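Just below is one structure, and these are the notes that go with it.
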Amino acid sequence: MTISMTTPSDTVAKKNVAILVLAQAILGAQMPMIFIVGGLAGQSLASNPCFATLPISLIVGGSMLAATPISAIMQRWGRRAGFFTGAAFGSVGGLVGAYGLYLGSFPIFLLGSLLTGVYMSAHGFYRFAAADTASEAFRPKAISYVMAGGLAAAIIGPQIVKFTSQAFVIPFLGTYLAVIAVNVFGAALFLFLDIPKPPAPSEDSPKGRSRLELLKTPVIAVAVICAMVSYALMNLVMTSTPLAVVGCGFTEGNAADVVTSHVLAMYVPSFFTGHLIARFGVEKIVAAGLVILAGAGAVALQGVEIENFFIALVLLGVGWNFGFIGATTMLAGAHESYERGRMQGLNDLLVFGGVTMASLASGGLMNCSGGNPADGWSAVNMAMAPFLVLAGGALVWLVMRPKEA
C-alpha cells in the first residue's frame, strides 16, 4: 500500500532535516563511544566474562522498553518533547555509569546502561521525524540524509574515546563524563525543530488499524522483519568486535579504529541510499543489504587478522545501512499519519527487542562458546546465517505475492 503525503514545498522539511543531521552527528556520537568501551568496561567489572556485553544489552533493552512510551510522548506532545526526554536520560545514564565505574559496581554501571537506552530509543525516531514534514518524493532522501549525520558521529565518538578512556585513574570514567556533555550540548538543537504536534483525535476521526492488523499488512510485516534482522545482526557482531580485536592480540586503539571504520560504513552510504531506493526500488536495496551482511560474515570467518576485522566491519555497516534504511522507508509509506505513534512505537519495540536478544547472545557466543577469542568470533558470525535466510525469504515472498487490485 502506498500512501501519498505530498506537500506544496519541502522547505520546512529540509530545515528539519538539517537540524536532525546535526543532532545525529553530535548526540549520536555517544553511541559509538559507549559501544567501544561498554563491553570492555563490563569485562573489567563483571565477575563472569560471559556477562561482559551485558551493559550493551541493557542499553538496547532499555531502548526496547522505552520505544512505546517515547512514541506516545511524541504522539501527544510532539517530537521535540520526546527528543528532550531522550537527551535527559542520556545525561543521567552517563552520570550513573560514571558513578558505577567510580565505585567499581557492576550493578550500578548496568543501571546507567539501562537509562542510556531511553536516549537510544529517542535517537531511533530521528529517521521518522525526518519523514514527518517531507513530501512522498523527498521522504526516502530525508530519511537517508538524517542517517548520514552518523558519519560525523562515527568520527567524533571514537576520537573522544581515545582522548578520554584513560584520562582518569579509573579506566573509561572520562568517556562516561564526556557522554553527559554531549547530551547537554546537543539537546539545544531541538529548540529549532519545526514539526507540528499531531492533532488531537476527535470523536469522529479515523481510529486506524490495531497493532495486530498493522502487523498483518504484508508490507509492514516484511519491513519489520528486515529491520529487525538488519539491526540485530549488526549489533550481534559489532558488540563483540572490541572484545574480539583485543582478545586476538590487538590494542584498544585498534578496536576503536575498527569500530570507526564500521560506523563510517554505516552512514557514508546514506548520502546516496535514498537515491538508490528512488531509482531501483526499496525491495532491491533491502535485498542488497542482506547479501552484504552475509558477505561480512563470510569475510570474518576467513581469519582474525586486523584486515579481516576492518573489511568485515565495513561490509557489516554497509549492509545495515541498505537493509535498515530500506526497511524504514517501506514502513514509513505503509501507514497513515494517525497510526504513526502506534506503528512506529511497535516497530521499534520489536526491532530493539531483537537487538536486545542479539546483544545478549553476543557476549555468550564470544566468551563462552569456544576455547579462545578466535573461536568465539567465528561462533558470532556463523549465528548470522539463519536470520539472513528468514529475512531473505520474507522479502522474496513479498515480491512474488500477487499484487492487490
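Residues in the C-alpha cells are numbered from 1 in each chain, the chains being A, B, ... in the order shown, and ligands are numbered from 1 in the order shown.
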Next on the checklist: I'd like the contact shell of Asp194 (chain A) - 9 Å cut-off, only C-alpha atoms, skipping same-chain residues fewer than 4 positions apart - returned as a PyMOL selection string.
Outcome noted: chain A and resi 12-13+15-16+80+133+190
Write to file, as a PDB file, in the first residue's frame, the residues of the selection just made, with N, CA and C atoms.
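Dumped to selection_24.pdb:
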ATOM      1  N   VAL A  12      10.355  23.463   4.790  1.00  0.00           N
ATOM      2  CA  VAL A  12      10.355  23.167   6.223  1.00  0.00           C
ATOM      3  C   VAL A  12      11.019  21.820   6.472  1.00  0.00           C
ATOM      4  N   ALA A  13      10.716  20.860   5.617  1.00  0.00           N
ATOM      5  CA  ALA A  13      11.304  19.526   5.772  1.00  0.00           C
ATOM      6  C   ALA A  13      12.821  19.592   5.690  1.00  0.00           C
ATOM      7  N   LYS A  15      14.759  22.123   6.419  1.00  0.00           N
ATOM      8  CA  LYS A  15      15.279  22.748   7.648  1.00  0.00           C
ATOM      9  C   LYS A  15      15.307  21.719   8.782  1.00  0.00           C
ATOM     10  N   ASN A  16      14.232  20.965   8.919  1.00  0.00           N
ATOM     11  CA  ASN A  16      14.191  19.938   9.968  1.00  0.00           C
ATOM     12  C   ASN A  16      15.251  18.871   9.745  1.00  0.00           C
ATOM     13  N   ARG A  80       9.680  17.157  19.609  1.00  0.00           N
ATOM     14  CA  ARG A  80      10.644  17.884  20.438  1.00  0.00           C
ATOM     15  C   ARG A  80      10.639  17.367  21.878  1.00  0.00           C
ATOM     16  N   THR A 133       7.474  15.914   7.821  1.00  0.00           N
ATOM     17  CA  THR A 133       7.102  17.090   7.030  1.00  0.00           C
ATOM     18  C   THR A 133       7.557  16.982   5.582  1.00  0.00           C
ATOM     19  N   PHE A 190      17.191  20.838  19.458  1.00  0.00           N
ATOM     20  CA  PHE A 190      15.778  20.526  19.290  1.00  0.00           C
ATOM     21  C   PHE A 190      14.874  21.745  19.466  1.00  0.00           C
TER      22      PHE A 190
END
Item to check | Asn367 (chain A) environment, 10 Å, only C-alpha atoms, sequence neighbours closer than 6 positions dropped, as a PyMOL selection string | outcome: chain A and resi 48-53+240+243-244+247+373-377+379-380
Could you please take those selected residues and save N, CA, C and O atoms as a PDB file, in the first residue's frame?
ATOM      1  N   ASN A  48      31.874 -12.655  35.837  1.00  0.00           N
ATOM      2  CA  ASN A  48      31.870 -13.722  34.834  1.00  0.00           C
ATOM      3  C   ASN A  48      32.056 -13.098  33.458  1.00  0.00           C
ATOM      4  O   ASN A  48      31.281 -12.217  33.071  1.00  0.00           O
ATOM      5  N   PRO A  49      33.068 -13.503  32.687  1.00  0.00           N
ATOM      6  CA  PRO A  49      33.314 -12.886  31.379  1.00  0.00           C
ATOM      7  C   PRO A  49      32.162 -13.060  30.400  1.00  0.00           C
ATOM      8  O   PRO A  49      32.066 -12.304  29.435  1.00  0.00           O
ATOM      9  N   CYS A  50      31.292 -14.040  30.635  1.00  0.00           N
ATOM     10  CA  CYS A  50      30.130 -14.215  29.754  1.00  0.00           C
ATOM     11  C   CYS A  50      29.183 -13.020  29.825  1.00  0.00           C
ATOM     12  O   CYS A  50      28.354 -12.826  28.938  1.00  0.00           O
ATOM     13  N   PHE A  51      29.293 -12.218  30.898  1.00  0.00           N
ATOM     14  CA  PHE A  51      28.412 -11.069  31.082  1.00  0.00           C
ATOM     15  C   PHE A  51      29.067  -9.767  30.606  1.00  0.00           C
ATOM     16  O   PHE A  51      28.531  -8.685  30.858  1.00  0.00           O
ATOM     17  N   ALA A  52      30.179  -9.851  29.916  1.00  0.00           N
ATOM     18  CA  ALA A  52      30.915  -8.643  29.523  1.00  0.00           C
ATOM     19  C   ALA A  52      30.078  -7.697  28.681  1.00  0.00           C
ATOM     20  O   ALA A  52      30.172  -6.473  28.825  1.00  0.00           O
ATOM     21  N   THR A  53      29.253  -8.242  27.788  1.00  0.00           N
ATOM     22  CA  THR A  53      28.462  -7.374  26.910  1.00  0.00           C
ATOM     23  C   THR A  53      27.090  -7.051  27.487  1.00  0.00           C
ATOM     24  O   THR A  53      26.265  -6.442  26.811  1.00  0.00           O
ATOM     25  N   SER A 240      30.530  -7.611  19.859  1.00  0.00           N
ATOM     26  CA  SER A 240      31.672  -8.475  20.149  1.00  0.00           C
ATOM     27  C   SER A 240      32.981  -7.982  19.549  1.00  0.00           C
ATOM     28  O   SER A 240      34.042  -8.480  19.923  1.00  0.00           O
ATOM     29  N   LEU A 243      35.860  -6.796  21.877  1.00  0.00           N
ATOM     30  CA  LEU A 243      36.369  -7.939  22.633  1.00  0.00           C
ATOM     31  C   LEU A 243      37.201  -8.853  21.740  1.00  0.00           C
ATOM     32  O   LEU A 243      38.252  -9.367  22.156  1.00  0.00           O
ATOM     33  N   ALA A 244      36.750  -9.067  20.512  1.00  0.00           N
ATOM     34  CA  ALA A 244      37.479  -9.944  19.588  1.00  0.00           C
ATOM     35  C   ALA A 244      38.807  -9.326  19.165  1.00  0.00           C
ATOM     36  O   ALA A 244      39.842 -10.005  19.124  1.00  0.00           O
ATOM     37  N   GLY A 247      41.054  -9.359  22.197  1.00  0.00           N
ATOM     38  CA  GLY A 247      41.329 -10.746  22.551  1.00  0.00           C
ATOM     39  C   GLY A 247      42.261 -11.446  21.582  1.00  0.00           C
ATOM     40  O   GLY A 247      42.965 -12.390  21.952  1.00  0.00           O
ATOM     41  N   PRO A 373      39.402 -16.521  21.833  1.00  0.00           N
ATOM     42  CA  PRO A 373      38.631 -15.454  21.173  1.00  0.00           C
ATOM     43  C   PRO A 373      38.341 -15.723  19.700  1.00  0.00           C
ATOM     44  O   PRO A 373      37.278 -15.332  19.203  1.00  0.00           O
ATOM     45  N   ALA A 374      39.244 -16.372  18.997  1.00  0.00           N
ATOM     46  CA  ALA A 374      39.015 -16.642  17.575  1.00  0.00           C
ATOM     47  C   ALA A 374      37.822 -17.573  17.385  1.00  0.00           C
ATOM     48  O   ALA A 374      36.990 -17.375  16.489  1.00  0.00           O
ATOM     49  N   ASP A 375      37.708 -18.585  18.241  1.00  0.00           N
ATOM     50  CA  ASP A 375      36.561 -19.495  18.165  1.00  0.00           C
ATOM     51  C   ASP A 375      35.262 -18.765  18.479  1.00  0.00           C
ATOM     52  O   ASP A 375      34.229 -18.988  17.841  1.00  0.00           O
ATOM     53  N   GLY A 376      35.307 -17.915  19.499  1.00  0.00           N
ATOM     54  CA  GLY A 376      34.118 -17.147  19.856  1.00  0.00           C
ATOM     55  C   GLY A 376      33.687 -16.225  18.727  1.00  0.00           C
ATOM     56  O   GLY A 376      32.494 -16.101  18.422  1.00  0.00           O
ATOM     57  N   TRP A 377      34.654 -15.595  18.087  1.00  0.00           N
ATOM     58  CA  TRP A 377      34.363 -14.692  16.967  1.00  0.00           C
ATOM     59  C   TRP A 377      33.728 -15.460  15.803  1.00  0.00           C
ATOM     60  O   TRP A 377      32.789 -14.973  15.171  1.00  0.00           O
ATOM     61  N   ALA A 379      31.895 -18.164  16.106  1.00  0.00           N
ATOM     62  CA  ALA A 379      30.533 -18.511  16.523  1.00  0.00           C
ATOM     63  C   ALA A 379      29.586 -17.330  16.332  1.00  0.00           C
ATOM     64  O   ALA A 379      28.441 -17.502  15.901  1.00  0.00           O
ATOM     65  N   VAL A 380      30.060 -16.143  16.669  1.00  0.00           N
ATOM     66  CA  VAL A 380      29.236 -14.938  16.487  1.00  0.00           C
ATOM     67  C   VAL A 380      28.828 -14.776  15.031  1.00  0.00           C
ATOM     68  O   VAL A 380      27.654 -14.529  14.711  1.00  0.00           O
TER      69      VAL A 380
END
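In this structure, CA of Ala148 (chain A) sits 20.6 Å away from CA of Phe352 (chain A).
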Item to check | Minimum-distance residue to Gln24 (chain A), chosen among A:Leu114, A:Ala122, A:Ile56, A:Val92 (using only C-alpha atoms) | outcome: A:Ala122
Item to check | Separation of CA of Gly82 (chain A) from CA of Phe125 (chain A) in Å | outcome: 8.9 Å
Next on the checklist: Residues within 12 Å of Lys284 (chain A), please, as a PyMOL selection string. Count only C-alpha atoms; anything in the same chain fewer than 3 positions from it doesn't count.
Outcome noted: chain A and resi 273+276-281+287-291+322-323+326-327+330+392+395-396+398-399
Kindly export the residues of the current selection with N, CA, C and O atoms, as a PDB file, in the first residue's frame.
ATOM      1  N   THR A 273      21.840   6.360  -0.506  1.00  0.00           N
ATOM      2  CA  THR A 273      20.876   5.272  -0.336  1.00  0.00           C
ATOM      3  C   THR A 273      19.482   5.694  -0.769  1.00  0.00           C
ATOM      4  O   THR A 273      18.762   4.938  -1.442  1.00  0.00           O
ATOM      5  N   LEU A 276      19.265   5.634  -4.466  1.00  0.00           N
ATOM      6  CA  LEU A 276      19.213   4.257  -4.964  1.00  0.00           C
ATOM      7  C   LEU A 276      17.821   3.658  -4.782  1.00  0.00           C
ATOM      8  O   LEU A 276      17.317   2.939  -5.657  1.00  0.00           O
ATOM      9  N   ILE A 277      17.186   3.960  -3.645  1.00  0.00           N
ATOM     10  CA  ILE A 277      15.824   3.475  -3.411  1.00  0.00           C
ATOM     11  C   ILE A 277      14.870   4.050  -4.451  1.00  0.00           C
ATOM     12  O   ILE A 277      14.025   3.344  -5.011  1.00  0.00           O
ATOM     13  N   ALA A 278      15.010   5.373  -4.713  1.00  0.00           N
ATOM     14  CA  ALA A 278      14.134   6.014  -5.692  1.00  0.00           C
ATOM     15  C   ALA A 278      14.335   5.431  -7.089  1.00  0.00           C
ATOM     16  O   ALA A 278      13.393   5.323  -7.874  1.00  0.00           O
ATOM     17  N   ARG A 279      15.561   5.027  -7.410  1.00  0.00           N
ATOM     18  CA  ARG A 279      15.852   4.540  -8.760  1.00  0.00           C
ATOM     19  C   ARG A 279      15.535   3.062  -8.942  1.00  0.00           C
ATOM     20  O   ARG A 279      14.955   2.660  -9.951  1.00  0.00           O
ATOM     21  N   PHE A 280      15.936   2.237  -7.973  1.00  0.00           N
ATOM     22  CA  PHE A 280      15.830   0.791  -8.154  1.00  0.00           C
ATOM     23  C   PHE A 280      14.669   0.151  -7.395  1.00  0.00           C
ATOM     24  O   PHE A 280      14.342  -1.007  -7.636  1.00  0.00           O
ATOM     25  N   GLY A 281      14.088   0.871  -6.469  1.00  0.00           N
ATOM     26  CA  GLY A 281      13.014   0.302  -5.663  1.00  0.00           C
ATOM     27  C   GLY A 281      13.523  -0.180  -4.319  1.00  0.00           C
ATOM     28  O   GLY A 281      14.646  -0.665  -4.198  1.00  0.00           O
ATOM     29  N   ALA A 287      17.286  -6.116  -0.263  1.00  0.00           N
ATOM     30  CA  ALA A 287      17.907  -7.386  -0.633  1.00  0.00           C
ATOM     31  C   ALA A 287      19.423  -7.252  -0.734  1.00  0.00           C
ATOM     32  O   ALA A 287      20.170  -8.127  -0.261  1.00  0.00           O
ATOM     33  N   ALA A 288      19.892  -6.152  -1.321  1.00  0.00           N
ATOM     34  CA  ALA A 288      21.334  -5.922  -1.414  1.00  0.00           C
ATOM     35  C   ALA A 288      21.950  -5.834  -0.024  1.00  0.00           C
ATOM     36  O   ALA A 288      23.047  -6.359   0.227  1.00  0.00           O
ATOM     37  N   GLY A 289      21.233  -5.200   0.909  1.00  0.00           N
ATOM     38  CA  GLY A 289      21.734  -5.105   2.274  1.00  0.00           C
ATOM     39  C   GLY A 289      21.900  -6.460   2.923  1.00  0.00           C
ATOM     40  O   GLY A 289      22.915  -6.724   3.595  1.00  0.00           O
ATOM     41  N   LEU A 290      20.939  -7.343   2.722  1.00  0.00           N
ATOM     42  CA  LEU A 290      21.027  -8.681   3.312  1.00  0.00           C
ATOM     43  C   LEU A 290      22.198  -9.470   2.722  1.00  0.00           C
ATOM     44  O   LEU A 290      22.907 -10.190   3.438  1.00  0.00           O
ATOM     45  N   VAL A 291      22.407  -9.340   1.414  1.00  0.00           N
ATOM     46  CA  VAL A 291      23.534 -10.029   0.771  1.00  0.00           C
ATOM     47  C   VAL A 291      24.866  -9.505   1.311  1.00  0.00           C
ATOM     48  O   VAL A 291      25.804 -10.282   1.581  1.00  0.00           O
ATOM     49  N   PHE A 322      21.800  -0.314   4.013  1.00  0.00           N
ATOM     50  CA  PHE A 322      20.833  -0.631   2.967  1.00  0.00           C
ATOM     51  C   PHE A 322      19.601  -1.334   3.547  1.00  0.00           C
ATOM     52  O   PHE A 322      18.461  -1.016   3.198  1.00  0.00           O
ATOM     53  N   GLY A 323      19.840  -2.304   4.439  1.00  0.00           N
ATOM     54  CA  GLY A 323      18.732  -3.063   4.991  1.00  0.00           C
ATOM     55  C   GLY A 323      17.838  -2.229   5.883  1.00  0.00           C
ATOM     56  O   GLY A 323      16.603  -2.270   5.774  1.00  0.00           O
ATOM     57  N   GLY A 326      16.245   0.944   4.011  1.00  0.00           N
ATOM     58  CA  GLY A 326      15.228   0.419   3.118  1.00  0.00           C
ATOM     59  C   GLY A 326      13.984  -0.013   3.869  1.00  0.00           C
ATOM     60  O   GLY A 326      12.845   0.314   3.487  1.00  0.00           O
ATOM     61  N   ALA A 327      14.153  -0.744   4.970  1.00  0.00           N
ATOM     62  CA  ALA A 327      13.010  -1.202   5.760  1.00  0.00           C
ATOM     63  C   ALA A 327      12.258  -0.026   6.370  1.00  0.00           C
ATOM     64  O   ALA A 327      11.020  -0.035   6.438  1.00  0.00           O
ATOM     65  N   MET A 330      10.134   1.503   3.663  1.00  0.00           N
ATOM     66  CA  MET A 330       8.956   0.659   3.441  1.00  0.00           C
ATOM     67  C   MET A 330       7.885   0.928   4.487  1.00  0.00           C
ATOM     68  O   MET A 330       6.700   1.073   4.183  1.00  0.00           O
ATOM     69  N   GLY A 392      15.534 -12.853   4.053  1.00  0.00           N
ATOM     70  CA  GLY A 392      15.549 -13.007   2.608  1.00  0.00           C
ATOM     71  C   GLY A 392      14.298 -13.715   2.111  1.00  0.00           C
ATOM     72  O   GLY A 392      13.701 -13.313   1.098  1.00  0.00           O
ATOM     73  N   LEU A 395      11.321 -11.333   2.197  1.00  0.00           N
ATOM     74  CA  LEU A 395      11.381 -10.344   1.119  1.00  0.00           C
ATOM     75  C   LEU A 395      10.986 -10.970  -0.217  1.00  0.00           C
ATOM     76  O   LEU A 395      10.240 -10.361  -1.002  1.00  0.00           O
ATOM     77  N   VAL A 396      11.458 -12.170  -0.479  1.00  0.00           N
ATOM     78  CA  VAL A 396      11.078 -12.880  -1.716  1.00  0.00           C
ATOM     79  C   VAL A 396       9.566 -13.118  -1.745  1.00  0.00           C
ATOM     80  O   VAL A 396       8.903 -12.924  -2.768  1.00  0.00           O
ATOM     81  N   LEU A 398       7.245 -11.315  -0.323  1.00  0.00           N
ATOM     82  CA  LEU A 398       6.562 -10.042  -0.579  1.00  0.00           C
ATOM     83  C   LEU A 398       6.595  -9.692  -2.058  1.00  0.00           C
ATOM     84  O   LEU A 398       5.591  -9.256  -2.631  1.00  0.00           O
ATOM     85  N   VAL A 399       7.744  -9.883  -2.681  1.00  0.00           N
ATOM     86  CA  VAL A 399       7.890  -9.518  -4.094  1.00  0.00           C
ATOM     87  C   VAL A 399       7.087 -10.461  -4.995  1.00  0.00           C
ATOM     88  O   VAL A 399       6.490 -10.019  -5.990  1.00  0.00           O
TER      89      VAL A 399
END
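Distances to Tyr102 (chain A) were evaluated for A:Ala334, A:Ala137, A:Ala41, A:Ile70 using only C-alpha atoms, and the minimum falls at A:Ala41.
The nearest approach to Ala81 (chain A) among the residues A:Val60, A:Leu191, A:Val389, A:Val182, with only C-alpha atoms taken into account, belongs to A:Leu191.
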Checklist entry - Could you pull the residues within 12 Å of Ala232 (chain A), counting only C-alpha atoms, minus those fewer than 2 positions along the same chain, as a VMD selection string? => result chain A and resid 57 60 224 to 230 234 to 239 293 316 319 to 320 323 to 324 348 350 to 362 383 to 384 387 to 388 391
Next on the checklist: Quick one: residues within 8 Å of Gly97 (chain A), only C-alpha atoms, excluding same-chain residues fewer than 2 positions away - as a PyMOL selection string?
Outcome noted: chain A and resi 93-95+99-101+108-113+176
Checklist entry - CA of Gln75 (chain A) to CA of Ser210 (chain A): how many Å, to one decimal? => result 15.9 Å
I'd like to know which residues of region 268-344 of chain A are helix (DSSP H, G or I) (by DSSP, run on the backbone); could you write them as a PDB file with C-alpha atoms, in the first residue's frame?
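Here's the written file states35.pdb:
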ATOM      1  CA  SER A 270      23.291   7.336   3.395  1.00  0.00           C
ATOM      2  CA  PHE A 271      24.300  10.140   1.026  1.00  0.00           C
ATOM      3  CA  PHE A 272      23.051   8.026  -1.854  1.00  0.00           C
ATOM      4  CA  THR A 273      20.876   5.272  -0.336  1.00  0.00           C
ATOM      5  CA  GLY A 274      17.748   7.393  -0.795  1.00  0.00           C
ATOM      6  CA  HIS A 275      18.616   7.981  -4.457  1.00  0.00           C
ATOM      7  CA  LEU A 276      19.213   4.257  -4.964  1.00  0.00           C
ATOM      8  CA  ILE A 277      15.824   3.475  -3.411  1.00  0.00           C
ATOM      9  CA  ALA A 278      14.134   6.014  -5.692  1.00  0.00           C
ATOM     10  CA  ARG A 279      15.852   4.540  -8.760  1.00  0.00           C
ATOM     11  CA  PHE A 280      15.830   0.791  -8.154  1.00  0.00           C
ATOM     12  CA  VAL A 282      13.126  -0.337  -1.939  1.00  0.00           C
ATOM     13  CA  GLU A 283      12.908  -4.135  -2.161  1.00  0.00           C
ATOM     14  CA  LYS A 284      16.093  -4.405  -4.251  1.00  0.00           C
ATOM     15  CA  ILE A 285      18.037  -2.179  -1.850  1.00  0.00           C
ATOM     16  CA  VAL A 286      16.914  -4.196   1.183  1.00  0.00           C
ATOM     17  CA  ALA A 287      17.907  -7.386  -0.633  1.00  0.00           C
ATOM     18  CA  ALA A 288      21.334  -5.922  -1.414  1.00  0.00           C
ATOM     19  CA  GLY A 289      21.734  -5.105   2.274  1.00  0.00           C
ATOM     20  CA  LEU A 290      21.027  -8.681   3.312  1.00  0.00           C
ATOM     21  CA  VAL A 291      23.534 -10.029   0.771  1.00  0.00           C
ATOM     22  CA  ILE A 292      26.223  -7.618   2.005  1.00  0.00           C
ATOM     23  CA  LEU A 293      25.582  -8.656   5.616  1.00  0.00           C
ATOM     24  CA  ALA A 294      26.172 -12.260   4.555  1.00  0.00           C
ATOM     25  CA  GLY A 295      29.419 -11.150   2.911  1.00  0.00           C
ATOM     26  CA  ALA A 296      30.532  -9.561   6.188  1.00  0.00           C
ATOM     27  CA  GLY A 297      30.121 -12.864   7.992  1.00  0.00           C
ATOM     28  CA  ALA A 298      31.986 -14.717   5.265  1.00  0.00           C
ATOM     29  CA  VAL A 299      34.989 -12.385   5.473  1.00  0.00           C
ATOM     30  CA  ALA A 300      35.071 -12.588   9.280  1.00  0.00           C
ATOM     31  CA  ILE A 306      43.346  -6.921  11.512  1.00  0.00           C
ATOM     32  CA  GLU A 307      42.473  -6.655   7.799  1.00  0.00           C
ATOM     33  CA  ASN A 308      39.692  -9.212   8.250  1.00  0.00           C
ATOM     34  CA  PHE A 309      38.209  -7.174  11.077  1.00  0.00           C
ATOM     35  CA  PHE A 310      38.294  -3.968   9.026  1.00  0.00           C
ATOM     36  CA  ILE A 311      36.774  -5.479   5.865  1.00  0.00           C
ATOM     37  CA  ALA A 312      34.115  -7.475   7.721  1.00  0.00           C
ATOM     38  CA  LEU A 313      33.019  -4.495   9.786  1.00  0.00           C
ATOM     39  CA  VAL A 314      32.888  -2.189   6.754  1.00  0.00           C
ATOM     40  CA  LEU A 315      30.641  -4.679   4.964  1.00  0.00           C
ATOM     41  CA  LEU A 316      28.563  -5.029   8.118  1.00  0.00           C
ATOM     42  CA  GLY A 317      27.998  -1.273   8.172  1.00  0.00           C
ATOM     43  CA  VAL A 318      27.014  -1.004   4.502  1.00  0.00           C
ATOM     44  CA  GLY A 319      24.678  -3.996   4.791  1.00  0.00           C
ATOM     45  CA  TRP A 320      22.978  -2.481   7.822  1.00  0.00           C
ATOM     46  CA  ASN A 321      22.566   0.847   6.003  1.00  0.00           C
ATOM     47  CA  PHE A 322      20.833  -0.631   2.967  1.00  0.00           C
ATOM     48  CA  GLY A 323      18.732  -3.063   4.991  1.00  0.00           C
ATOM     49  CA  PHE A 324      17.646  -0.690   7.750  1.00  0.00           C
ATOM     50  CA  ILE A 325      17.059   2.472   5.715  1.00  0.00           C
ATOM     51  CA  GLY A 326      15.228   0.419   3.118  1.00  0.00           C
ATOM     52  CA  ALA A 327      13.010  -1.202   5.760  1.00  0.00           C
ATOM     53  CA  THR A 328      12.345   2.197   7.377  1.00  0.00           C
ATOM     54  CA  THR A 329      11.278   3.626   4.014  1.00  0.00           C
ATOM     55  CA  MET A 330       8.956   0.659   3.441  1.00  0.00           C
ATOM     56  CA  LEU A 331       7.368   1.196   6.836  1.00  0.00           C
ATOM     57  CA  ALA A 332       7.036   4.994   6.558  1.00  0.00           C
ATOM     58  CA  SER A 337      -0.390   9.671   9.946  1.00  0.00           C
ATOM     59  CA  TYR A 338      -2.924   8.896  12.696  1.00  0.00           C
ATOM     60  CA  GLU A 339      -1.394   5.419  13.015  1.00  0.00           C
ATOM     61  CA  ARG A 340       2.113   6.849  13.378  1.00  0.00           C
ATOM     62  CA  GLY A 341       2.540   6.663  17.135  1.00  0.00           C
ATOM     63  CA  ARG A 342       1.081   3.169  17.343  1.00  0.00           C
ATOM     64  CA  MET A 343       3.044   1.710  14.433  1.00  0.00           C
ATOM     65  CA  GLN A 344       6.405   3.396  14.984  1.00  0.00           C
TER      66      GLN A 344
END
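Among the candidates A:Glu305, A:Met64, A:Ala29, A:Val17, the one nearest to Gly157 (chain A) when counting only C-alpha atoms is A:Ala29.
Across A:Gln43, A:Thr175, A:Gln30, A:Ser369, the tightest approach to Phe163 (chain A) is made by A:Thr175 when counting only C-alpha atoms.
With only C-alpha atoms as the basis for measurement, A:Ile170 is the residue among A:Leu115, A:Val21, A:Ile143, A:Ile170 that approaches Ser44 (chain A) most closely.
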